[in-house]
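Visitor: File model12.tsv follows (TSV, C-alpha atoms and all ligand atoms):
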```tsv
chain	number	residue	atom	x	y	z
Q	1	MET	CA	64.89	8.95	11.76
Q	2	GLN	CA	64.00	10.71	8.51
Q	3	VAL	CA	62.47	14.17	8.21
Q	4	LEU	CA	60.46	15.59	5.30
Q	5	ARG	CA	60.23	19.37	5.48
Q	6	ASP	CA	58.29	22.01	3.51
Q	7	LEU	CA	55.72	19.72	1.94
Q	8	PRO	CA	53.15	21.72	-0.07
Q	9	SER	CA	49.37	21.31	0.30
Q	10	PRO	CA	47.65	23.40	-2.37
Q	11	ALA	CA	44.09	24.69	-2.13
Q	12	LYS	CA	41.49	23.86	-4.80
Q	13	LEU	CA	38.75	25.82	-6.48
Q	14	ASN	CA	35.54	24.32	-7.84
Q	15	LEU	CA	35.32	26.11	-11.21
Q	16	PHE	CA	31.69	25.00	-11.39
Q	17	LEU	CA	29.67	22.66	-9.18
Q	18	HIS	CA	26.41	20.99	-10.16
Q	19	VAL	CA	24.34	18.84	-7.84
Q	20	VAL	CA	22.89	16.16	-10.11
Q	21	GLY	CA	21.36	13.73	-7.60
Q	22	ARG	CA	21.47	12.17	-4.17
Q	23	ARG	CA	22.61	8.71	-3.05
Q	24	ALA	CA	20.60	6.49	-0.73
Q	25	ASP	CA	23.04	7.32	2.11
Q	26	GLY	CA	22.28	11.05	1.74
Q	27	TYR	CA	25.54	11.99	0.04
Q	28	HIS	CA	25.10	14.11	-3.08
Q	29	LEU	CA	26.12	13.24	-6.61
Q	30	LEU	CA	28.07	16.10	-8.09
Q	31	GLN	CA	29.72	17.23	-11.26
Q	32	THR	CA	32.56	19.66	-10.71
Q	33	ALA	CA	35.91	20.84	-12.05
Q	34	PHE	CA	38.75	21.00	-9.54
Q	35	ARG	CA	41.62	23.39	-10.12
Q	36	PHE	CA	44.65	23.55	-7.80
Q	37	ILE	CA	45.98	27.01	-6.95
Q	38	ASP	CA	49.21	28.26	-5.40
Q	39	LEU	CA	47.61	29.18	-2.07
Q	40	GLN	CA	49.21	26.48	0.07
Q	41	ASP	CA	49.62	25.09	3.56
Q	42	THR	CA	53.06	23.71	4.45
Q	43	LEU	CA	53.59	20.44	6.31
Q	44	HIS	CA	56.66	19.02	8.05
Q	45	LEU	CA	56.90	15.31	8.95
Q	46	ARG	CA	59.37	13.86	11.45
Q	47	GLU	CA	59.49	10.08	11.60
Q	48	ARG	CA	59.19	8.41	15.04
Q	49	ALA	CA	60.38	4.93	15.90
Q	50	ASP	CA	57.77	4.37	18.63
Q	51	GLY	CA	54.76	4.09	16.31
Q	52	ARG	CA	52.98	7.14	17.75
Q	53	VAL	CA	51.25	9.70	15.53
Q	54	LEU	CA	51.51	13.17	17.07
Q	55	ARG	CA	50.78	16.69	15.91
Q	56	GLY	CA	53.18	19.47	16.84
Q	57	SER	CA	51.92	22.82	15.64
Q	58	GLY	CA	48.58	22.91	13.84
Q	59	PRO	CA	45.51	24.97	13.00
Q	60	ASP	CA	43.88	26.93	15.84
Q	61	GLY	CA	40.71	25.34	17.10
Q	62	VAL	CA	41.32	21.89	15.61
Q	63	PRO	CA	42.26	19.38	18.35
Q	64	ALA	CA	45.07	17.02	17.27
Q	65	GLU	CA	42.78	13.99	17.47
Q	66	GLN	CA	40.36	15.56	14.97
Q	67	ASP	CA	43.02	16.93	12.65
Q	68	LEU	CA	42.68	15.33	9.24
Q	69	THR	CA	46.47	15.01	9.04
Q	70	VAL	CA	46.56	12.84	12.19
Q	71	ARG	CA	43.57	10.83	10.97
Q	72	ALA	CA	45.27	10.29	7.61
Q	73	ALA	CA	48.48	9.02	9.24
Q	74	ARG	CA	46.54	6.61	11.51
Q	75	LEU	CA	44.53	5.35	8.56
Q	76	LEU	CA	47.69	4.58	6.59
Q	77	GLN	CA	49.16	2.73	9.61
Q	78	GLU	CA	45.96	0.72	10.00
Q	79	ALA	CA	45.65	-0.11	6.29
Q	80	THR	CA	49.25	-1.25	5.88
Q	81	GLY	CA	50.10	-2.60	9.35
Q	82	CYS	CA	53.03	-0.19	9.45
Q	83	GLY	CA	54.51	0.13	12.96
Q	84	ARG	CA	56.32	3.39	12.40
Q	85	GLY	CA	55.16	6.76	13.75
Q	86	VAL	CA	55.36	10.44	12.85
Q	87	GLU	CA	55.14	13.94	14.29
Q	88	ILE	CA	53.28	16.36	12.01
Q	89	ASP	CA	53.57	20.16	11.93
Q	90	VAL	CA	51.01	22.09	9.89
Q	91	GLU	CA	51.60	25.71	8.85
Q	92	LYS	CA	48.10	26.86	7.96
Q	93	ARG	CA	47.53	29.48	5.29
Q	94	ILE	CA	44.40	28.21	3.53
Q	95	PRO	CA	41.28	29.61	5.23
Q	96	MET	CA	39.51	26.81	7.12
Q	97	GLY	CA	36.01	25.76	6.19
Q	98	GLY	CA	36.15	28.09	3.20
Q	99	GLY	CA	35.42	25.68	0.36
Q	100	LEU	CA	39.09	25.63	-0.62
Q	101	GLY	CA	39.72	22.07	0.58
Q	102	GLY	CA	42.61	22.93	2.89
Q	103	GLY	CA	42.02	20.17	5.42
Q	104	SER	CA	41.46	17.66	2.62
Q	105	SER	CA	44.67	18.74	0.92
Q	106	ASP	CA	46.65	18.46	4.17
Q	107	ALA	CA	45.31	14.91	4.62
Q	108	ALA	CA	46.30	13.97	1.06
Q	109	THR	CA	49.80	15.39	1.49
Q	110	VAL	CA	50.23	13.25	4.62
Q	111	LEU	CA	49.08	10.11	2.76
Q	112	ILE	CA	51.42	10.81	-0.17
Q	113	ALA	CA	54.47	11.79	1.88
Q	114	LEU	CA	54.12	9.13	4.60
Q	115	ASN	CA	53.68	6.43	1.97
Q	116	ARG	CA	57.19	7.44	0.88
Q	117	LEU	CA	58.67	8.07	4.37
Q	118	TRP	CA	57.38	4.78	5.76
Q	119	GLY	CA	57.98	2.88	2.51
Q	120	THR	CA	54.45	1.48	2.58
Q	121	GLY	CA	54.40	1.23	-1.21
Q	122	LEU	CA	50.70	1.86	-1.97
Q	123	ASP	CA	49.96	2.86	-5.55
Q	124	ARG	CA	47.80	5.84	-6.50
Q	125	GLY	CA	44.57	3.83	-6.70
Q	126	ALA	CA	45.05	2.35	-3.22
Q	127	LEU	CA	45.94	5.75	-1.73
Q	128	MET	CA	42.88	7.32	-3.38
Q	129	ALA	CA	40.64	4.66	-1.84
Q	130	LEU	CA	42.05	5.49	1.61
Q	131	ALA	CA	41.65	9.19	0.84
Q	132	LEU	CA	37.93	8.78	0.16
Q	133	ARG	CA	37.45	7.38	3.67
Q	134	LEU	CA	38.68	10.73	5.03
Q	135	GLY	CA	36.34	12.91	2.95
Q	136	ALA	CA	34.81	13.34	-0.49
Q	137	ASP	CA	37.34	16.04	-1.39
Q	138	VAL	CA	40.52	14.16	-0.45
Q	139	PRO	CA	40.94	11.81	-3.49
Q	140	VAL	CA	41.49	14.59	-6.04
Q	141	PHE	CA	44.61	15.77	-4.20
Q	142	VAL	CA	46.06	12.23	-4.40
Q	143	PHE	CA	44.98	12.02	-8.05
Q	144	GLY	CA	47.32	14.97	-8.50
Q	145	ARG	CA	45.85	16.55	-11.61
Q	146	ASN	CA	43.22	19.17	-12.22
Q	147	ALA	CA	40.12	17.12	-12.77
Q	148	PHE	CA	36.54	16.78	-13.90
Q	149	ALA	CA	34.84	14.95	-11.04
Q	150	GLU	CA	31.66	12.95	-10.70
Q	151	GLY	CA	30.11	10.68	-8.09
Q	152	VAL	CA	30.73	12.34	-4.72
Q	153	GLY	CA	33.99	13.66	-6.13
Q	154	GLU	CA	35.90	10.39	-6.44
Q	155	GLU	CA	35.32	9.58	-10.15
Q	156	LEU	CA	38.05	11.67	-11.67
Q	157	ALA	CA	39.19	12.44	-15.20
Q	158	PRO	CA	42.18	14.72	-15.86
Q	159	LEU	CA	41.45	18.18	-17.24
Q	160	ALA	CA	44.10	20.12	-19.17
Q	161	LEU	CA	43.53	23.68	-18.04
Q	162	PRO	CA	45.23	26.73	-19.52
Q	163	PRO	CA	47.19	29.19	-17.36
Q	164	ARG	CA	44.74	31.32	-15.38
Q	165	TRP	CA	44.91	33.64	-12.37
Q	166	TYR	CA	42.36	33.87	-9.61
Q	167	VAL	CA	41.39	36.56	-7.16
Q	168	VAL	CA	40.27	34.65	-4.07
Q	169	ALA	CA	38.21	36.37	-1.38
Q	170	GLN	CA	37.13	35.11	2.02
Q	171	PRO	CA	33.92	36.74	3.32
Q	172	ASP	CA	33.57	37.12	7.06
Q	173	ALA	CA	31.41	34.01	7.54
Q	174	SER	CA	31.93	30.30	7.69
Q	175	VAL	CA	29.46	28.02	5.95
Q	176	PRO	CA	29.17	24.43	7.22
Q	177	THR	CA	29.28	21.97	4.30
Q	178	ALA	CA	26.76	19.58	5.90
Q	179	GLU	CA	24.22	22.40	6.42
Q	180	VAL	CA	24.31	23.43	2.75
Q	181	PHE	CA	23.93	19.86	1.48
Q	182	GLY	CA	21.19	19.19	4.02
Q	183	ALA	CA	19.10	22.25	3.11
Q	184	PRO	CA	15.59	21.34	1.85
Q	185	GLU	CA	15.72	24.24	-0.63
Q	186	LEU	CA	18.89	22.95	-2.38
Q	187	THR	CA	18.23	22.04	-6.02
Q	188	ARG	CA	19.47	18.53	-6.69
Q	189	ASN	CA	18.44	17.94	-10.28
Q	190	THR	CA	20.75	19.89	-12.54
Q	191	PRO	CA	21.00	18.03	-15.87
Q	192	ARG	CA	24.29	16.21	-16.34
Q	193	VAL	CA	26.94	17.70	-18.59
Q	194	LYS	CA	29.71	15.84	-20.42
Q	195	ILE	CA	33.39	16.51	-19.88
Q	196	THR	CA	33.56	17.58	-23.52
Q	197	ASP	CA	31.03	20.35	-22.80
Q	198	PHE	CA	33.64	22.01	-20.60
Q	199	PRO	CA	35.19	24.75	-22.75
Q	200	ALA	CA	38.93	25.17	-23.27
Q	201	GLY	CA	38.69	28.77	-22.03
Q	202	ALA	CA	36.33	31.01	-20.04
Q	203	HIS	CA	35.80	28.47	-17.27
Q	204	GLY	CA	34.59	31.15	-14.92
Q	205	PHE	CA	31.47	31.35	-17.07
Q	206	PHE	CA	30.74	27.62	-17.47
Q	207	GLY	CA	27.74	26.26	-15.58
Q	208	ARG	CA	27.22	27.51	-12.05
Q	209	ASN	CA	27.69	26.57	-8.41
Q	210	ASP	CA	24.40	25.06	-7.24
Q	211	LEU	CA	25.39	25.55	-3.59
Q	212	GLU	CA	25.53	29.35	-3.94
Q	213	ALA	CA	21.82	30.05	-3.57
Q	214	VAL	CA	21.63	28.20	-0.24
Q	215	ALA	CA	24.85	29.72	1.10
Q	216	PHE	CA	23.91	33.29	0.06
Q	217	ALA	CA	20.43	33.04	1.58
Q	218	ARG	CA	21.55	31.53	4.89
Q	219	TYR	CA	24.78	33.54	5.23
Q	220	PRO	CA	23.94	37.06	3.97
Q	221	GLN	CA	27.55	38.26	4.39
Q	222	VAL	CA	28.51	35.83	1.62
Q	223	GLY	CA	25.74	36.98	-0.73
Q	224	GLN	CA	26.59	40.61	0.01
Q	225	ALA	CA	30.30	40.05	-0.65
Q	226	HIS	CA	29.36	38.42	-3.96
Q	227	ARG	CA	27.20	41.40	-4.89
Q	228	LEU	CA	29.82	44.01	-3.97
Q	229	MET	CA	32.60	42.13	-5.79
Q	230	SER	CA	30.42	41.82	-8.90
Q	231	GLN	CA	29.63	45.55	-8.76
Q	232	ALA	CA	33.31	46.40	-8.37
Q	233	LEU	CA	34.08	44.59	-11.62
Q	234	ALA	CA	30.92	45.51	-13.54
Q	235	ASN	CA	32.24	48.44	-15.58
Q	236	ALA	CA	34.65	46.19	-17.48
Q	237	GLY	CA	31.73	45.62	-19.89
Q	238	ALA	CA	31.46	42.30	-21.67
Q	239	ASP	CA	34.90	41.26	-20.36
Q	240	ALA	CA	33.89	41.66	-16.71
Q	241	PRO	CA	34.98	38.49	-14.94
Q	242	ALA	CA	32.22	36.65	-13.09
Q	243	VAL	CA	32.36	36.10	-9.34
Q	244	ARG	CA	31.73	32.56	-8.18
Q	245	MET	CA	31.72	30.63	-4.88
Q	246	SER	CA	34.05	27.64	-4.41
Q	247	GLY	CA	32.59	24.42	-2.99
Q	248	SER	CA	30.18	25.02	-0.15
Q	249	GLY	CA	31.73	28.43	0.52
Q	250	ALA	CA	32.28	30.83	1.94
Q	251	CYS	CA	35.21	31.74	-0.35
Q	252	LEU	CA	34.51	33.53	-3.63
Q	253	PHE	CA	36.76	33.80	-6.65
Q	254	VAL	CA	37.18	35.52	-9.98
Q	255	GLU	CA	38.96	33.79	-12.90
Q	256	CYS	CA	41.26	35.98	-14.99
Q	257	HIS	CA	43.18	35.41	-18.21
Q	258	SER	CA	46.32	37.26	-17.17
Q	259	ARG	CA	48.13	38.29	-14.02
Q	260	GLN	CA	47.50	41.89	-15.12
Q	261	GLN	CA	43.72	41.39	-15.28
Q	262	ALA	CA	43.84	39.68	-11.87
Q	263	ASP	CA	45.78	42.59	-10.34
Q	264	TRP	CA	43.21	44.97	-11.82
Q	265	ALA	CA	40.30	42.93	-10.39
Q	266	HIS	CA	42.05	42.68	-7.01
Q	267	ASP	CA	42.54	46.44	-6.83
Q	268	ARG	CA	38.97	47.21	-7.91
Q	269	ILE	CA	37.61	44.94	-5.18
Q	270	ALA	CA	40.04	46.28	-2.56
Q	271	ALA	CA	38.95	49.85	-3.40
Q	272	LYS	CA	35.26	49.02	-2.85
Q	273	MET	CA	35.36	46.68	0.15
Q	274	ARG	CA	36.89	46.72	3.61
Q	275	VAL	CA	39.50	43.95	3.76
Q	276	GLY	CA	41.16	42.61	6.91
Q	277	PRO	CA	40.63	40.32	9.86
Q	278	GLY	CA	37.71	40.76	12.25
Q	279	GLY	CA	34.33	42.14	11.27
Q	280	LEU	CA	35.28	43.55	7.87
Q	281	GLN	CA	33.58	42.60	4.61
Q	282	LEU	CA	36.41	40.36	3.48
Q	283	LYS	CA	38.88	38.59	5.77
Q	284	LEU	CA	41.29	37.85	2.95
Q	285	LEU	CA	41.80	38.95	-0.65
Q	286	ARG	CA	44.60	37.32	-2.65
Q	287	THR	CA	45.68	36.89	-6.23
Q	288	CYS	CA	46.66	33.27	-6.92
Q	289	ALA	CA	47.98	31.39	-9.91
Q	290	GLY	CA	46.25	28.25	-11.17
Q	291	LEU	CA	48.58	25.23	-11.03
Q	292	GLU	CA	49.10	22.78	-13.86
Q	293	ALA	CA	49.24	19.88	-11.42
Q	294	HIS	CA	49.66	19.05	-7.73
Q	295	PRO	CA	53.28	19.76	-6.70
Q	296	LEU	CA	53.65	16.20	-5.31
Q	297	GLN	CA	52.06	14.51	-8.32
Q	298	ASP	CA	55.23	12.54	-9.11
Q	299	TRP	CA	55.60	11.17	-5.59
Q	300	VAL	CA	52.99	8.46	-6.17
Q	301	ALA	CA	53.33	5.50	-8.53
Q	302	GLY	CA	50.55	4.75	-10.98
W	1	LIG	C1	31.45	20.79	-1.42
W	1	LIG	C2	32.83	20.28	-1.73
W	1	LIG	C3	33.09	20.41	-3.25
W	1	LIG	O1	34.40	20.12	-3.62
W	1	LIG	O2	33.88	21.02	-1.13
W	1	LIG	P1	34.11	21.91	0.19
W	1	LIG	O3	33.15	23.03	0.22
W	1	LIG	O4	33.96	21.03	1.39
W	1	LIG	O5	35.53	22.39	0.07
W	1	LIG	C4	32.94	18.77	-1.37
W	1	LIG	O6	32.03	18.01	-2.10
W	1	LIG	C5	32.78	18.45	0.08
W	1	LIG	O7	33.74	17.50	0.40
W	1	LIG	P2	34.25	17.30	1.92
W	1	LIG	O8	34.46	18.63	2.58
W	1	LIG	O9	35.42	16.36	1.87
W	1	LIG	O10	32.99	16.67	2.52
W	1	LIG	P3	32.83	15.47	3.57
W	1	LIG	O11	33.69	15.77	4.77
W	1	LIG	O12	32.99	14.16	2.88
W	1	LIG	O13	31.29	15.67	3.94
W	1	LIG	C6	30.78	16.68	4.79
W	1	LIG	C7	29.25	16.58	4.76
W	1	LIG	O14	28.76	17.18	3.54
W	1	LIG	C8	27.73	16.40	2.95
W	1	LIG	N1	28.14	15.98	1.60
W	1	LIG	C9	29.45	16.06	1.22
W	1	LIG	C10	29.84	15.72	-0.07
W	1	LIG	C11	28.83	15.26	-0.95
W	1	LIG	N2	29.14	14.91	-2.21
W	1	LIG	N3	27.54	15.17	-0.55
W	1	LIG	C12	27.18	15.54	0.70
W	1	LIG	O15	26.01	15.45	1.04
W	1	LIG	C13	27.45	15.25	3.89
W	1	LIG	O16	26.40	15.63	4.72
W	1	LIG	C14	28.72	15.17	4.73
W	1	LIG	O17	28.44	14.74	6.02
W	2	LIG	N1	44.44	20.08	8.95
W	2	LIG	C1	43.23	20.68	8.90
W	2	LIG	N2	43.10	21.84	8.27
W	2	LIG	C2	41.89	22.46	8.17
W	2	LIG	N3	40.76	21.99	8.70
W	2	LIG	C3	40.81	20.82	9.33
W	2	LIG	C4	42.04	20.12	9.45
W	2	LIG	N4	41.78	18.99	10.11
W	2	LIG	C5	40.45	18.99	10.38
W	2	LIG	N5	39.85	20.09	9.93
W	2	LIG	C6	38.40	20.40	10.03
W	2	LIG	O1	37.82	20.33	8.73
W	2	LIG	C7	36.92	21.43	8.50
W	2	LIG	C8	36.86	21.74	6.99
W	2	LIG	O2	38.08	22.24	6.61
W	2	LIG	P1	38.61	22.62	5.16
W	2	LIG	O3	38.99	21.42	4.42
W	2	LIG	O4	39.67	23.66	5.37
W	2	LIG	O5	37.39	23.36	4.48
W	2	LIG	P2	36.39	22.99	3.33
W	2	LIG	O6	35.89	21.58	3.56
W	2	LIG	O7	35.33	24.01	3.46
W	2	LIG	O8	37.12	23.13	2.05
W	2	LIG	C9	37.49	22.56	9.37
W	2	LIG	O9	36.50	23.46	9.77
W	2	LIG	C10	38.11	21.81	10.55
W	2	LIG	O10	37.20	21.70	11.61
```
Kindly transcribe the structure held in the file into structure tokens.
Guide:
Amino acid sequence: MQVLRDLPSPAKLNLFLHVVGRRADGYHLLQTAFRFIDLQDTLHLRERADGRVLRGSGPDGVPAEQDLTVRAARLLQEATGCGRGVEIDVEKRIPMGGGLGGGSSDAATVLIALNRLWGTGLDRGALMALALRLGADVPVFVFGRNAFAEGVGEELAPLALPPRWYVVAQPDASVPTAEVFGAPELTRNTPRVKITDFPAGAHGFFGRNDLEAVAFARYPQVGQAHRLMSQALANAGADAPAVRMSGSGACLFVECHSRQQADWAHDRIAAKMRVGPGGLQLKLLRTCAGLEAHPLQDWVAG
């Protein structure tokens, strides 16, 4: 039986996120830019001959049956009629429910890697269609490139992004995605932009995240963390990097042009805020590099 060890599942940031409408089924039409970063979970897959899909180690508080990795493996079995099984270990590093797409990325890594391990031979388009059934955020990880996204996140066009560094902060709150999208006060009519409007640099300043206002009002720790981070960086004058929320939160990030600027921003924030697990202002503060592409991009044909 084959084993695939140390499979990377990168997190994503939404460099901007506009809500431009709502579908009849309640799902929201978005425009967003996805960027992969080097904050990653690690997955290990061990093939099983008996057809069972099992999870070994996994994230605390997520029962195996609800784990997106297990659901992804079962979906691939069902879609292809494959009779082989797998045991999945997930080493979690990406904060859960933080707007960084960790669960979605884990699911995509399982689809990509199992398609190879089981020899099920689906091309990228077919894997992306399966991915969408697991969540709106899953297809971009199978797409494998930083992307400008529309629809609910499944209409993807590649974006060539320059090297950038990000300071990523996790406030001590978790913001349920469904609550933010369901909020009556959410604005849903931001005018559409074109991919060509997206500038080659200074992404941290393009557009906005329409989900921020709802998340900051309903989860004051997130709004307060945003305020304190912005204040910590304010005296850099016109070059002060902006602080933005990723996805539906709660994670916040700052985009920087160099590792040096990111280290500076990290240290300024760390000097102003209490960082650490349990009841502090930030549970996590990390400097990350933006990736050029998903590390498993070449594993899928098409
Ligand atoms: C907001 C984003 C931005 O990238 O990221 P996260 O904050 O989750 O990382 C995504 O659109 C989230 O995608 P994902 O987390 O896969 O969402 P799903 O599981 O498909 O949906 C969770 C719930 O959010 C709402 N939802 C989600 C996506 C969307 N375009 N419109 C919605 O209204 C729906 O109520 C849905 O029941
Ligand atoms: N392998 C997994 N990793 C993380 N979360 C998972 C996983 N499987 C299922 N989930 C569920 O999905 C929810 C959203 O997770 P995640 O993708 O990390 O955040 P977000 O959608 O905010 O980016 C979690 O709160 C958890 O209940």
Visitor: Contacts of Q:Val214 at 8 Å or less, counting all atoms listed in the file, minus same-chain residues fewer than 3 places along, as a ChimeraX atom specification?
Guide: /Q:180,183,185-186,211,217-218
Visitor: So how many Å separate atom CA of Q:Gly153 and atom CA of Q:Thr42, to one decimal?
Guide: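 Separating atom CA of Q:Gly153 from atom CA of Q:Thr42 is a distance of 24.0 Å.
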Visitor: Can you tell me which residues come within 9 Å of ligand LIG 1 (chain W) when counting only C-alpha atoms and all ligand atoms, ideally as a PyMOL selection string?
Guide: chain Q and resi 12-14+17+19+22-23+25-30+32-34+97-104+132-139+151-153+175-182+211+246-251
Visitor: If you keep C-alpha atoms, can you produce a file of those selected residues as an mmCIF file, in the frame of the given file?
Guide:
```
data_model
loop_
_atom_site.group_PDB
_atom_site.id
_atom_site.type_symbol
_atom_site.label_atom_id
_atom_site.label_comp_id
_atom_site.auth_asym_id
_atom_site.auth_seq_id
_atom_site.Cartn_x
_atom_site.Cartn_y
_atom_site.Cartn_z
ATOM 1 C CA LYS Q 12 41.490 23.860 -4.800
ATOM 2 C CA LEU Q 13 38.750 25.820 -6.480
ATOM 3 C CA ASN Q 14 35.540 24.320 -7.840
ATOM 4 C CA LEU Q 17 29.670 22.660 -9.180
ATOM 5 C CA VAL Q 19 24.340 18.840 -7.840
ATOM 6 C CA ARG Q 22 21.470 12.170 -4.170
ATOM 7 C CA ARG Q 23 22.610 8.710 -3.050
ATOM 8 C CA ASP Q 25 23.040 7.320 2.110
ATOM 9 C CA GLY Q 26 22.280 11.050 1.740
ATOM 10 C CA TYR Q 27 25.540 11.990 0.040
ATOM 11 C CA HIS Q 28 25.100 14.110 -3.080
ATOM 12 C CA LEU Q 29 26.120 13.240 -6.610
ATOM 13 C CA LEU Q 30 28.070 16.100 -8.090
ATOM 14 C CA THR Q 32 32.560 19.660 -10.710
ATOM 15 C CA ALA Q 33 35.910 20.840 -12.050
ATOM 16 C CA PHE Q 34 38.750 21.000 -9.540
ATOM 17 C CA GLY Q 97 36.010 25.760 6.190
ATOM 18 C CA GLY Q 98 36.150 28.090 3.200
ATOM 19 C CA GLY Q 99 35.420 25.680 0.360
ATOM 20 C CA LEU Q 100 39.090 25.630 -0.620
ATOM 21 C CA GLY Q 101 39.720 22.070 0.580
ATOM 22 C CA GLY Q 102 42.610 22.930 2.890
ATOM 23 C CA GLY Q 103 42.020 20.170 5.420
ATOM 24 C CA SER Q 104 41.460 17.660 2.620
ATOM 25 C CA LEU Q 132 37.930 8.780 0.160
ATOM 26 C CA ARG Q 133 37.450 7.380 3.670
ATOM 27 C CA LEU Q 134 38.680 10.730 5.030
ATOM 28 C CA GLY Q 135 36.340 12.910 2.950
ATOM 29 C CA ALA Q 136 34.810 13.340 -0.490
ATOM 30 C CA ASP Q 137 37.340 16.040 -1.390
ATOM 31 C CA VAL Q 138 40.520 14.160 -0.450
ATOM 32 C CA PRO Q 139 40.940 11.810 -3.490
ATOM 33 C CA GLY Q 151 30.110 10.680 -8.090
ATOM 34 C CA VAL Q 152 30.730 12.340 -4.720
ATOM 35 C CA GLY Q 153 33.990 13.660 -6.130
ATOM 36 C CA VAL Q 175 29.460 28.020 5.950
ATOM 37 C CA PRO Q 176 29.170 24.430 7.220
ATOM 38 C CA THR Q 177 29.280 21.970 4.300
ATOM 39 C CA ALA Q 178 26.760 19.580 5.900
ATOM 40 C CA GLU Q 179 24.220 22.400 6.420
ATOM 41 C CA VAL Q 180 24.310 23.430 2.750
ATOM 42 C CA PHE Q 181 23.930 19.860 1.480
ATOM 43 C CA GLY Q 182 21.190 19.190 4.020
ATOM 44 C CA LEU Q 211 25.390 25.550 -3.590
ATOM 45 C CA SER Q 246 34.050 27.640 -4.410
ATOM 46 C CA GLY Q 247 32.590 24.420 -2.990
ATOM 47 C CA SER Q 248 30.180 25.020 -0.150
ATOM 48 C CA GLY Q 249 31.730 28.430 0.520
ATOM 49 C CA ALA Q 250 32.280 30.830 1.940
ATOM 50 C CA CYS Q 251 35.210 31.740 -0.350
#
```
Visitor: Calculate how many Å separate atom CA of Q:Cys288 from atom CA of Q:Ala262, rounding to one decimal.
Guide: 8.6 Å
Visitor: Can you tell me how far atom CA of Q:Leu111 sits from atom CA of Q:Leu15, in Å to one decimal?
Guide: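 Spanning atom CA of Q:Leu111 to atom CA of Q:Leu15 is a straight-line distance of 25.3 Å.
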Visitor: Mind working out the centre and edge lengths of an axis-aligned box for ligand LIG 2 (chain W), all listed atoms inside, 8 Å added to each side, rounded to one decimal in Å and written as AutoDock Vina command-line options?
Guide:
```
--center_x 39.9 --center_y 21.5 --center_z 6.8 --size_x 25.1 --size_y 21.0 --size_z 25.6
```
Visitor: Just want the 12 Å neighbourhood of stretch 221-234 of chain Q, counted on only C-alpha atoms, with same-chain residues fewer than 4 positions away dropped. Output as a ChimeraX atom specification.
Guide: /Q:98,167-175,211-217,238-246,248-256,261-275,279-285
Visitor: I need the residue nearest ligand LIG 2 (chain W) from this list: Q:Phe143, Q:Leu54, Q:Leu75, Q:Asp106. Use all atoms listed in the file for the distance.
Guide: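 With all atoms listed in the file as the atom set, the closest residue is Q:Asp106.
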Visitor: When distances are computed from only C-alpha atoms and all ligand atoms, which of Q:Leu76, Q:Val90, Q:Ile37, Q:Leu122 shows the smallest separation from ligand LIG 2 (chain W)?
Guide: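 Selected residue with least distance to ligand LIG 2 (chain W): Q:Val90.
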Visitor: Could you check which of Q:Leu4, Q:Ala73, Q:Val20, Q:Asp38 is closest to ligand LIG 2 (chain W), using all atoms listed in the file?
Guide: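 Nearest to ligand LIG 2 (chain W): Q:Ala73.
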Visitor: Could you check the closest approach to Q:Gly83 for each of Q:Val62, Q:Ala147, Q:Ala108, Q:Ala49 and tell me which residue wins, using only C-alpha atoms?
Guide: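 Checking each of Q:Val62, Q:Ala147, Q:Ala108, Q:Ala49 against Q:Gly83, counting only C-alpha atoms, the winner is Q:Ala49.
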